[in-house]
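> Below is the file model_0.txt, which contains compact mmCIF, C-alpha atoms and all ligand atoms.
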# COMPACT_ATOMS: atom_id res chain seq x y z
CA MET A 1 340.80 47.59 91.19
CA GLU A 2 339.32 50.83 89.82
CA LEU A 3 335.98 50.72 88.03
CA TRP A 4 335.44 53.26 85.23
CA LEU A 5 332.18 54.17 83.55
CA GLU A 6 332.90 55.28 80.00
CA GLU A 7 330.90 56.68 77.13
CA LEU A 8 332.28 56.13 73.66
CA GLN A 9 331.27 59.33 71.92
CA LEU A 10 330.77 59.30 68.16
CA GLY A 11 333.42 56.64 67.72
CA ASN A 12 336.40 58.94 68.27
CA MET A 13 336.17 60.25 71.84
CA ARG A 14 335.73 58.76 75.30
CA PHE A 15 334.42 60.39 78.47
CA GLY A 16 334.83 58.51 81.74
CA LEU A 17 333.92 58.78 85.41
CA ARG A 18 335.40 56.60 88.16
CA ALA A 19 332.54 54.49 89.46
CA ASP A 20 331.84 53.56 93.04
CA THR A 21 328.78 51.27 92.97
CA VAL A 22 326.61 49.92 90.17
CA LEU A 23 323.06 50.26 91.55
CA HIS A 24 320.85 49.11 88.70
CA ARG A 25 321.09 47.63 85.22
CA GLU A 26 318.30 46.42 82.98
CA VAL A 27 317.41 46.21 79.34
CA SER A 28 313.94 47.65 78.76
CA ARG A 29 311.90 47.31 75.57
CA PHE A 30 313.64 50.43 74.28
CA GLN A 31 317.14 50.65 75.78
CA GLU A 32 319.72 49.61 78.35
CA ILE A 33 319.25 51.57 81.60
CA LEU A 34 322.20 51.84 83.98
CA VAL A 35 322.43 53.69 87.32
CA VAL A 36 325.85 54.09 88.95
CA ASP A 37 327.27 56.10 91.84
CA THR A 38 330.40 57.93 90.68
CA TYR A 39 333.04 59.79 92.67
CA ALA A 40 333.14 63.03 90.66
CA PHE A 41 329.52 63.57 89.50
CA GLY A 42 327.40 61.70 92.05
CA ARG A 43 324.69 59.33 90.87
CA VAL A 44 324.34 59.02 87.11
CA MET A 45 321.89 57.43 84.70
CA MET A 46 323.06 56.13 81.32
CA LEU A 47 320.83 54.98 78.46
CA ASP A 48 322.42 52.71 75.86
CA GLY A 49 325.88 53.68 77.11
CA THR A 50 325.37 57.46 76.93
CA PHE A 51 325.27 59.79 79.94
CA GLN A 52 321.76 61.24 80.38
CA VAL A 53 321.69 62.68 83.88
CA THR A 54 324.26 63.23 86.60
CA GLU A 55 323.44 64.65 90.03
CA LYS A 56 326.17 67.26 89.69
CA ASP A 57 325.38 68.97 86.38
CA GLU A 58 321.72 68.10 85.60
CA PHE A 59 320.49 71.46 86.92
CA VAL A 60 322.15 73.38 84.08
CA TYR A 61 320.45 71.30 81.40
CA HIS A 62 316.99 71.13 82.99
CA GLU A 63 316.87 74.80 84.00
CA MET A 64 317.96 76.03 80.58
CA LEU A 65 315.63 73.70 78.67
CA ALA A 66 312.59 74.65 80.78
CA HIS A 67 313.00 78.26 81.92
CA PHE A 68 314.23 79.91 78.71
CA PRO A 69 310.98 79.10 76.82
CA LEU A 70 308.62 79.29 79.81
CA MET A 71 309.92 82.71 80.82
CA SER A 72 309.55 83.80 77.18
CA HIS A 73 305.81 83.05 77.43
CA GLU A 74 303.53 85.46 79.30
CA SER A 75 301.29 82.78 80.73
CA PRO A 76 302.34 79.16 80.13
CA LYS A 77 299.31 77.21 81.38
CA ASP A 78 299.61 73.90 79.49
CA VAL A 79 303.08 72.48 78.96
CA LEU A 80 304.12 69.28 77.20
CA VAL A 81 307.50 67.60 77.75
CA ILE A 82 308.44 64.90 75.24
CA GLY A 83 311.07 62.42 76.48
CA GLY A 84 312.60 63.60 79.75
CA GLY A 85 311.49 60.47 81.66
CA ASP A 86 313.96 61.21 84.45
CA GLY A 87 311.63 64.06 85.50
CA GLY A 88 314.24 66.83 85.68
CA THR A 89 312.59 69.08 83.09
CA ILE A 90 309.14 68.61 84.65
CA ARG A 91 310.63 69.50 88.06
CA GLU A 92 311.62 72.88 86.61
CA VAL A 93 308.32 73.33 84.69
CA VAL A 94 306.20 72.97 87.85
CA LYS A 95 308.19 75.74 89.56
CA HIS A 96 306.13 78.14 87.40
CA PRO A 97 302.93 79.03 89.28
CA GLU A 98 301.20 79.88 85.95
CA VAL A 99 301.41 76.21 84.86
CA GLU A 100 298.07 74.45 85.33
CA ARG A 101 298.87 71.19 83.53
CA ALA A 102 302.25 69.62 82.71
CA VAL A 103 302.16 66.50 80.53
CA LEU A 104 305.22 64.24 80.39
CA CYS A 105 305.23 61.95 77.37
CA GLU A 106 308.05 59.43 77.84
CA ILE A 107 308.04 56.40 75.56
CA ASP A 108 309.84 54.12 78.06
CA PRO A 109 308.00 53.59 81.38
CA ARG A 110 311.11 51.95 82.85
CA VAL A 111 313.11 55.21 82.61
CA THR A 112 310.51 56.97 84.77
CA ALA A 113 310.32 54.08 87.24
CA VAL A 114 314.10 53.83 87.60
CA ALA A 115 314.44 57.62 88.04
CA ARG A 116 311.74 57.64 90.74
CA GLU A 117 313.62 54.92 92.63
CA TYR A 118 317.26 55.96 92.17
CA LEU A 119 317.20 59.67 91.33
CA PRO A 120 314.50 61.10 93.64
CA SER A 121 315.95 64.63 93.59
CA VAL A 122 315.56 64.68 89.79
CA ALA A 123 312.21 62.85 89.62
CA ALA A 124 310.69 64.96 92.42
CA GLY A 125 308.45 67.06 90.15
CA LEU A 126 306.66 63.98 88.78
CA SER A 127 304.56 63.84 91.96
CA ASP A 128 303.21 67.37 91.53
CA PRO A 129 299.38 67.17 91.21
CA ARG A 130 299.48 69.19 87.95
CA VAL A 131 301.64 66.50 86.27
CA GLU A 132 300.20 63.82 84.01
CA VAL A 133 302.65 61.06 82.97
CA LEU A 134 301.94 59.26 79.68
CA HIS A 135 304.00 56.41 78.28
CA GLU A 136 303.65 56.68 74.54
CA ASP A 137 305.42 57.96 71.46
CA GLY A 138 305.68 61.76 71.59
CA ILE A 139 305.38 61.97 67.80
CA LYS A 140 301.90 60.41 67.88
CA LEU A 141 300.81 62.41 70.94
CA VAL A 142 301.66 65.71 69.27
CA GLN A 143 299.78 64.69 66.11
CA ASP A 144 296.66 63.93 68.17
CA HIS A 145 296.53 67.22 70.14
CA GLU A 146 295.71 70.33 68.12
CA GLY A 147 295.94 73.73 69.84
CA ALA A 148 296.42 72.09 73.24
CA PHE A 149 299.70 73.49 74.61
CA ASP A 150 301.39 76.83 75.29
CA VAL A 151 304.90 75.39 75.43
CA ILE A 152 306.33 72.11 74.07
CA LEU A 153 309.74 70.97 75.33
CA ILE A 154 311.64 68.21 73.54
CA ASP A 155 313.94 66.48 76.03
CA SER A 156 314.93 63.57 73.84
CA THR A 157 317.79 61.16 73.45
CA ASP A 158 320.18 61.51 70.50
CA PRO A 159 318.63 61.04 67.03
CA VAL A 160 318.64 57.24 67.10
CA GLY A 161 315.85 54.67 67.54
CA PRO A 162 312.45 56.14 68.54
CA ALA A 163 313.97 59.64 68.84
CA VAL A 164 314.89 59.98 65.13
CA GLY A 165 311.49 61.42 64.16
CA LEU A 166 311.73 64.08 66.90
CA TYR A 167 314.30 65.95 64.78
CA SER A 168 312.29 66.13 61.52
CA PRO A 169 310.51 69.15 59.94
CA GLU A 170 307.26 67.10 59.91
CA PHE A 171 307.46 66.70 63.69
CA TYR A 172 307.93 70.47 64.14
CA ALA A 173 304.95 71.08 61.83
CA ALA A 174 302.89 68.85 64.15
CA CYS A 175 304.26 70.76 67.19
CA LYS A 176 303.11 74.00 65.59
CA ARG A 177 299.59 72.59 65.18
CA ALA A 178 299.64 71.36 68.80
CA LEU A 179 300.54 74.84 70.07
CA ARG A 180 298.09 77.64 70.81
CA PRO A 181 298.70 81.07 69.23
CA GLY A 182 301.75 82.61 70.90
CA GLY A 183 303.12 79.14 71.68
CA ILE A 184 306.80 78.23 71.95
CA VAL A 185 308.65 75.01 71.11
CA CYS A 186 312.10 74.28 72.53
CA ALA A 187 314.42 71.30 72.08
CA GLN A 188 317.75 70.05 73.28
CA SER A 189 319.80 70.18 70.08
CA GLU A 190 323.14 68.53 70.95
CA SER A 191 326.70 69.86 70.83
CA PRO A 192 327.76 72.65 68.45
CA PHE A 193 331.31 71.20 68.59
CA VAL A 194 330.66 67.58 67.70
CA ASN A 195 327.03 67.43 66.47
CA GLY A 196 326.98 70.44 64.15
CA ASP A 197 324.84 68.44 61.71
CA VAL A 198 322.15 67.93 64.40
CA VAL A 199 322.23 71.60 65.46
CA ARG A 200 321.72 72.50 61.80
CA ARG A 201 318.96 69.91 61.32
CA VAL A 202 316.95 71.15 64.32
CA ALA A 203 317.32 74.79 63.22
CA GLN A 204 316.15 73.89 59.70
CA SER A 205 313.15 71.99 61.10
CA VAL A 206 312.24 74.94 63.36
CA LYS A 207 312.74 77.54 60.62
CA ALA A 208 310.59 75.54 58.20
CA ASN A 209 307.66 76.03 60.58
CA PHE A 210 308.24 79.11 62.78
CA SER A 211 309.23 82.69 61.98
CA ALA A 212 311.65 82.95 64.94
CA CYS A 213 314.41 80.45 65.72
CA GLN A 214 316.83 81.01 68.61
CA LEU A 215 319.85 78.81 69.34
CA TYR A 216 321.33 79.14 72.84
CA LEU A 217 324.16 77.38 74.65
CA ALA A 218 325.16 76.11 78.07
CA PRO A 219 328.05 74.15 79.57
CA LEU A 220 327.29 70.46 80.22
CA PRO A 221 330.44 68.75 81.52
CA THR A 222 329.15 65.18 81.03
CA TYR A 223 327.72 65.53 77.51
CA PRO A 224 329.95 65.13 74.43
CA SER A 225 332.39 68.09 74.22
CA GLY A 226 331.01 69.60 77.46
CA PHE A 227 329.12 72.33 75.60
CA TRP A 228 325.45 71.93 74.73
CA SER A 229 322.79 73.65 72.64
CA PHE A 230 319.06 74.26 72.77
CA THR A 231 316.84 75.62 70.01
CA ALA A 232 313.62 77.55 70.56
CA GLY A 233 311.01 78.39 67.93
CA ALA A 234 307.97 80.69 67.91
CA ASP A 235 305.91 82.84 65.58
CA HIS A 236 306.91 86.02 67.41
CA GLU A 237 310.21 87.52 68.45
CA LEU A 238 311.50 85.85 71.62
CA PRO A 239 312.14 88.38 74.42
CA GLN A 240 315.70 89.05 75.52
CA ASP A 241 314.53 90.85 78.66
CA VAL A 242 312.37 88.81 81.02
CA ASP A 243 310.76 89.73 84.35
CA LYS A 244 313.55 89.62 86.94
CA ALA A 245 311.26 89.08 89.94
CA ARG A 246 309.45 86.23 88.15
CA ALA A 247 312.83 84.60 87.35
CA GLU A 248 314.05 84.97 90.95
CA ARG A 249 311.00 83.13 92.28
CA LEU A 250 312.17 80.00 90.42
CA ALA A 251 315.01 79.48 92.92
CA THR A 252 317.47 78.32 90.27
CA ARG A 253 321.19 77.61 90.32
CA TYR A 254 322.01 78.43 86.69
CA TYR A 255 319.13 80.24 84.96
CA THR A 256 318.55 83.92 85.80
CA ALA A 257 317.12 86.88 83.88
CA GLU A 258 320.75 87.89 83.15
CA MET A 259 321.63 84.41 81.85
CA HIS A 260 318.48 84.57 79.69
CA LYS A 261 319.65 87.78 78.04
CA ALA A 262 323.22 86.50 77.72
CA ALA A 263 321.92 83.39 75.91
CA PHE A 264 321.23 85.58 72.86
CA ALA A 265 324.98 86.26 72.45
CA LEU A 266 326.37 83.50 70.25
CA PRO A 267 329.96 82.80 69.17
CA PRO A 268 330.29 83.07 65.36
CA PHE A 269 331.08 79.35 64.86
CA ALA A 270 327.76 78.40 66.49
CA LYS A 271 325.80 81.17 64.76
CA ALA A 272 327.12 79.91 61.43
CA LEU A 273 325.47 76.53 62.06
CA VAL A 274 321.99 78.04 62.14
CA GLU A 275 322.27 80.81 59.54
N1 LIG B 1 318.87 64.91 79.06
C1 LIG B 1 319.03 63.89 78.14
C2 LIG B 1 320.08 64.03 77.11
O1 LIG B 1 320.06 65.00 76.31
O2 LIG B 1 320.97 63.18 77.07
C3 LIG B 1 317.73 63.39 77.64
C4 LIG B 1 317.11 62.67 78.79
S1 LIG B 1 315.63 61.84 78.65
C5 LIG B 1 316.04 60.48 79.69
C6 LIG B 1 315.46 61.22 77.03
C7 LIG B 1 314.26 60.30 76.90
O3 LIG B 1 313.64 60.44 75.62
C8 LIG B 1 314.58 58.80 77.04
O4 LIG B 1 314.15 58.34 78.29
C9 LIG B 1 313.83 58.15 75.87
O5 LIG B 1 313.14 56.96 76.25
C10 LIG B 1 312.85 59.27 75.47
N2 LIG B 1 312.37 59.19 74.07
C11 LIG B 1 313.08 58.91 72.95
N3 LIG B 1 312.27 58.93 71.87
C12 LIG B 1 311.02 59.26 72.31
C13 LIG B 1 309.75 59.44 71.67
N4 LIG B 1 309.61 59.29 70.34
N5 LIG B 1 308.68 59.78 72.44
C14 LIG B 1 308.81 59.92 73.79
N6 LIG B 1 309.98 59.74 74.44
C15 LIG B 1 311.07 59.43 73.72
What is this file in structure tokens?
Ligand code: SAM


Amino acid sequence: MELWLEELQLGNMRFGLRADTVLHREVSRFQEILVVDTYAFGRVMMLDGTFQVTEKDEFVYHEMLAHFPLMSHESPKDVLVIGGGDGGTIREVVKHPEVERAVLCEIDPRVTAVAREYLPSVAAGLSDPRVEVLHEDGIKLVQDHEGAFDVILIDSTDPVGPAVGLYSPEFYAACKRALRPGGIVCAQSESPFVNGDVVRRVAQSVKANFSACQLYLAPLPTYPSGFWSFTAGADHELPQDVDKARAERLATRYYTAEMHKAAFALPPFAKALVE
């Protein structure tokens, strides 16, 4: 008998992977956590029935979420990641030698524990001595830290449950206060094909608080529609040309200085969502 792992996406679509072995399932205080080995995408982690991380395509998401804003900053010393309990974004953040402190604020300690046990290649960066892992609500943490960070990355779940507030203009206002001058905020902002409302909401929240707002896109085969967006905000123009040698030192598989520049080219249907 074949075992299929399926995500029901927005009520009208399904994405499925043939499963080999179910390794872990639990219901934490916040969500259902499931880890399964699949034939096509390797080991995957689902939260509340939605694909979060797969071994095969996670590098695209984590590299684009971390390196686009960090490479846009001359000297990112203090970096905050909100959500991202699997550790993939932090793994990319600590590749930057300029980073002195990387704080991971993940509300659910079980996500971090499960990732450390079952997804060691993703969670690897969590053991870096510059990393501090906090298990609390990112909304509160940002409110309590004024002028503390150079870059804030929002690696959240979809806008449901404790993540809802991470999409609001008030949260971005708090991020602005938590950033130092020259700081950059960057969030995963869902699919321009099937979550146009979320892409628009994040852009509006960023624009309400920052003078520059840049949407950029990347392919993500296991996320709804296979095409994903990120939104960066700052109070200065974000650079299209970044230091090639600095980018090469990151030893990436998707992000490069050329991909950074290319990210500024947007198809009209996506541009229309944020204008
Ligand atoms: N890459 C993923 C995606 O886009 O599907 C996101 C991965 S990461 C596992 C998302 C994490 O955000 C979850 O583990 C969830 O517990 C965490 N989270 C949700 N709301 C949060 C909040 N208010 N503060 C901190 N973490 C939060």

> So which residues are near ligand LIG 1 (chain B), meaning at most 9 Å away with only C-alpha atoms and all ligand atoms counted, given back as a ChimeraX atom specification?

/A:30-31,45-47,50-53,58,61-62,81-89,104-112,115,135-141,154-166,188-190,223,228

> Mind listing as number ranges by chain all residues within 9 Å of (305.3, 81.6, 76.9), counting all atoms listed in the file?

A: 69-77, 150-151, 182-184

> When distances are computed from all atoms listed in the file, which of A:Arg253, A:Lys244, A:Arg43, A:Arg91 shows the smallest separation from Ala66 in chain A?

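The closest residue to Ala66 in chain A is A:Arg91.
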
> So what do you get for CA of Leu5 in chain A versus CA of Lys56 in chain A, distance-wise?

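Distance reported for this atom pair: 15.7 Å.
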
> For the point (331.8, 61.7, 77.5) in file coordinates, what residues are within 6 Å, counting only C-alpha atoms? Give the answer as a short mmCIF file (atom, residue, chain, number, x, y, z; two decimals) with C-alpha atoms, in the coordinates of the input?


data_model
loop_
_atom_site.label_atom_id
_atom_site.label_comp_id
_atom_site.auth_asym_id
_atom_site.auth_seq_id
_atom_site.Cartn_x
_atom_site.Cartn_y
_atom_site.Cartn_z
CA GLU A 7 330.90 56.68 77.13
CA ARG A 14 335.73 58.76 75.30
CA PHE A 15 334.42 60.39 78.47
CA THR A 222 329.15 65.18 81.03
CA TYR A 223 327.72 65.53 77.51
CA PRO A 224 329.95 65.13 74.43
#

> When you look at Tyr39 in chain A with a cut-off of 9 Å (counting all atoms listed in the file), what residues show up, excluding the ones that are within fewer than 5 positions of it in the same chain? I need them as a list in words.

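These residues fall inside the cut-off: Leu17, Arg18, Ala19 and Asp20 of chain A.
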
> If I take CA of Ala247 in chain A and CA of Leu273 in chain A, how far is one from the other in Å, to one decimal?

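A separation of 29.4 Å between them.
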
> Hey, can I get the axis-aligned box for range 21-28 of chain A? All listed atoms, 5 Å padding on each side, centre and edge lengths in Å to one decimal, as JSON.


{"center_x": 321.4, "center_y": 48.7, "center_z": 85.9, "size_x": 24.8, "size_y": 15.1, "size_z": 24.2}

> Rounded to one decimal in Å, what is the spacing between CA of Cys186 in chain A and CA of Leu153 in chain A?

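Separation of CA of Cys186 in chain A and CA of Leu153 in chain A: 4.9 Å.
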
> Between A:Leu34, A:Val274, A:Val142, A:Ala265, which residue has the minimum interatomic distance to Val79 in chain A, considering all atoms listed in the file?

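Of A:Leu34, A:Val274, A:Val142, A:Ala265, the one nearest Val79 in chain A, counting all atoms listed in the file, is A:Val142.
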
> Would you mind telling me which residue in A:Ser168, A:Thr21, A:Ser225, A:Asn195 lies nearest to Lys207 in chain A when using all atoms listed in the file?

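Among the listed residues, A:Ser168 lies closest to Lys207 in chain A.
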
> Model the absent atoms of range 63-91 of chain A so that N, CA and C atoms are present, and write the result as an mmCIF file, in the coordinates of the input.


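Done, and the output landed in selection-v4.cif:
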data_model
loop_
_atom_site.group_PDB
_atom_site.id
_atom_site.type_symbol
_atom_site.label_atom_id
_atom_site.label_comp_id
_atom_site.auth_asym_id
_atom_site.auth_seq_id
_atom_site.Cartn_x
_atom_site.Cartn_y
_atom_site.Cartn_z
ATOM 1 N N GLU A 63 317.292 73.400 83.838
ATOM 2 C CA GLU A 63 316.870 74.800 84.000
ATOM 3 C C GLU A 63 316.864 75.529 82.661
ATOM 4 N N MET A 64 317.901 75.297 81.854
ATOM 5 C CA MET A 64 317.960 76.030 80.580
ATOM 6 C C MET A 64 316.918 75.524 79.581
ATOM 7 N N LEU A 65 316.648 74.228 79.595
ATOM 8 C CA LEU A 65 315.630 73.700 78.670
ATOM 9 C C LEU A 65 314.232 74.191 79.049
ATOM 10 N N ALA A 66 313.951 74.277 80.359
ATOM 11 C CA ALA A 66 312.590 74.650 80.780
ATOM 12 C C ALA A 66 312.393 76.164 80.886
ATOM 13 N N HIS A 67 313.293 76.858 81.567
ATOM 14 C CA HIS A 67 313.000 78.260 81.920
ATOM 15 C C HIS A 67 313.155 79.236 80.757
ATOM 16 N N PHE A 68 314.080 78.964 79.838
ATOM 17 C CA PHE A 68 314.230 79.910 78.710
ATOM 18 C C PHE A 68 312.898 80.032 77.951
ATOM 19 N N PRO A 69 312.270 78.940 77.526
ATOM 20 C CA PRO A 69 310.980 79.100 76.820
ATOM 21 C C PRO A 69 309.828 79.487 77.747
ATOM 22 N N LEU A 70 309.765 78.947 78.954
ATOM 23 C CA LEU A 70 308.620 79.290 79.810
ATOM 24 C C LEU A 70 308.633 80.759 80.216
ATOM 25 N N MET A 71 309.830 81.293 80.471
ATOM 26 C CA MET A 71 309.920 82.710 80.820
ATOM 27 C C MET A 71 309.695 83.602 79.599
ATOM 28 N N SER A 72 309.809 83.026 78.400
ATOM 29 C CA SER A 72 309.550 83.800 77.180
ATOM 30 C C SER A 72 308.057 83.862 76.880
ATOM 31 N N HIS A 73 307.256 83.094 77.621
ATOM 32 C CA HIS A 73 305.810 83.050 77.430
ATOM 33 C C HIS A 73 305.137 83.801 78.575
ATOM 34 N N GLU A 74 304.160 84.648 78.235
ATOM 35 C CA GLU A 74 303.530 85.460 79.300
ATOM 36 C C GLU A 74 302.769 84.618 80.308
ATOM 37 N N SER A 75 302.104 83.573 79.825
ATOM 38 C CA SER A 75 301.290 82.780 80.730
ATOM 39 C C SER A 75 301.223 81.307 80.289
ATOM 40 N N PRO A 76 302.309 80.561 80.576
ATOM 41 C CA PRO A 76 302.340 79.160 80.130
ATOM 42 C C PRO A 76 301.462 78.273 81.022
ATOM 43 N N LYS A 77 300.254 77.984 80.546
ATOM 44 C CA LYS A 77 299.310 77.210 81.380
ATOM 45 C C LYS A 77 299.439 75.706 81.121
ATOM 46 N N ASP A 78 299.524 75.322 79.842
ATOM 47 C CA ASP A 78 299.610 73.900 79.490
ATOM 48 C C ASP A 78 300.955 73.632 78.824
ATOM 49 N N VAL A 79 301.718 72.748 79.444
ATOM 50 C CA VAL A 79 303.080 72.480 78.960
ATOM 51 C C VAL A 79 303.226 70.990 78.687
ATOM 52 N N LEU A 80 303.856 70.675 77.551
ATOM 53 C CA LEU A 80 304.120 69.280 77.200
ATOM 54 C C LEU A 80 305.632 69.061 77.174
ATOM 55 N N VAL A 81 306.086 67.997 77.833
ATOM 56 C CA VAL A 81 307.500 67.600 77.750
ATOM 57 C C VAL A 81 307.538 66.247 77.039
ATOM 58 N N ILE A 82 308.293 66.170 75.956
ATOM 59 C CA ILE A 82 308.440 64.900 75.240
ATOM 60 C C ILE A 82 309.804 64.310 75.568
ATOM 61 N N GLY A 83 309.833 63.028 75.973
ATOM 62 C CA GLY A 83 311.070 62.420 76.480
ATOM 63 C C GLY A 83 311.178 62.784 77.952
ATOM 64 N N GLY A 84 312.411 63.069 78.392
ATOM 65 C CA GLY A 84 312.600 63.600 79.750
ATOM 66 C C GLY A 84 312.049 62.721 80.865
ATOM 67 N N GLY A 85 312.069 61.395 80.673
ATOM 68 C CA GLY A 85 311.490 60.470 81.660
ATOM 69 C C GLY A 85 312.131 60.518 83.025
ATOM 70 N N ASP A 86 313.326 61.081 83.135
ATOM 71 C CA ASP A 86 313.960 61.210 84.450
ATOM 72 C C ASP A 86 313.224 62.217 85.328
ATOM 73 N N GLY A 87 312.443 63.111 84.732
ATOM 74 C CA GLY A 87 311.630 64.060 85.500
ATOM 75 C C GLY A 87 312.278 65.412 85.756
ATOM 76 N N GLY A 88 313.539 65.582 85.373
ATOM 77 C CA GLY A 88 314.240 66.830 85.680
ATOM 78 C C GLY A 88 313.622 68.065 85.025
ATOM 79 N N THR A 89 313.190 67.922 83.779
ATOM 80 C CA THR A 89 312.590 69.080 83.090
ATOM 81 C C THR A 89 311.241 69.415 83.706
ATOM 82 N N ILE A 90 310.444 68.383 84.014
ATOM 83 C CA ILE A 90 309.140 68.610 84.650
ATOM 84 C C ILE A 90 309.327 69.280 86.019
ATOM 85 N N ARG A 91 310.364 68.873 86.749
ATOM 86 C CA ARG A 91 310.630 69.500 88.060
ATOM 87 C C ARG A 91 310.778 71.007 87.901
#
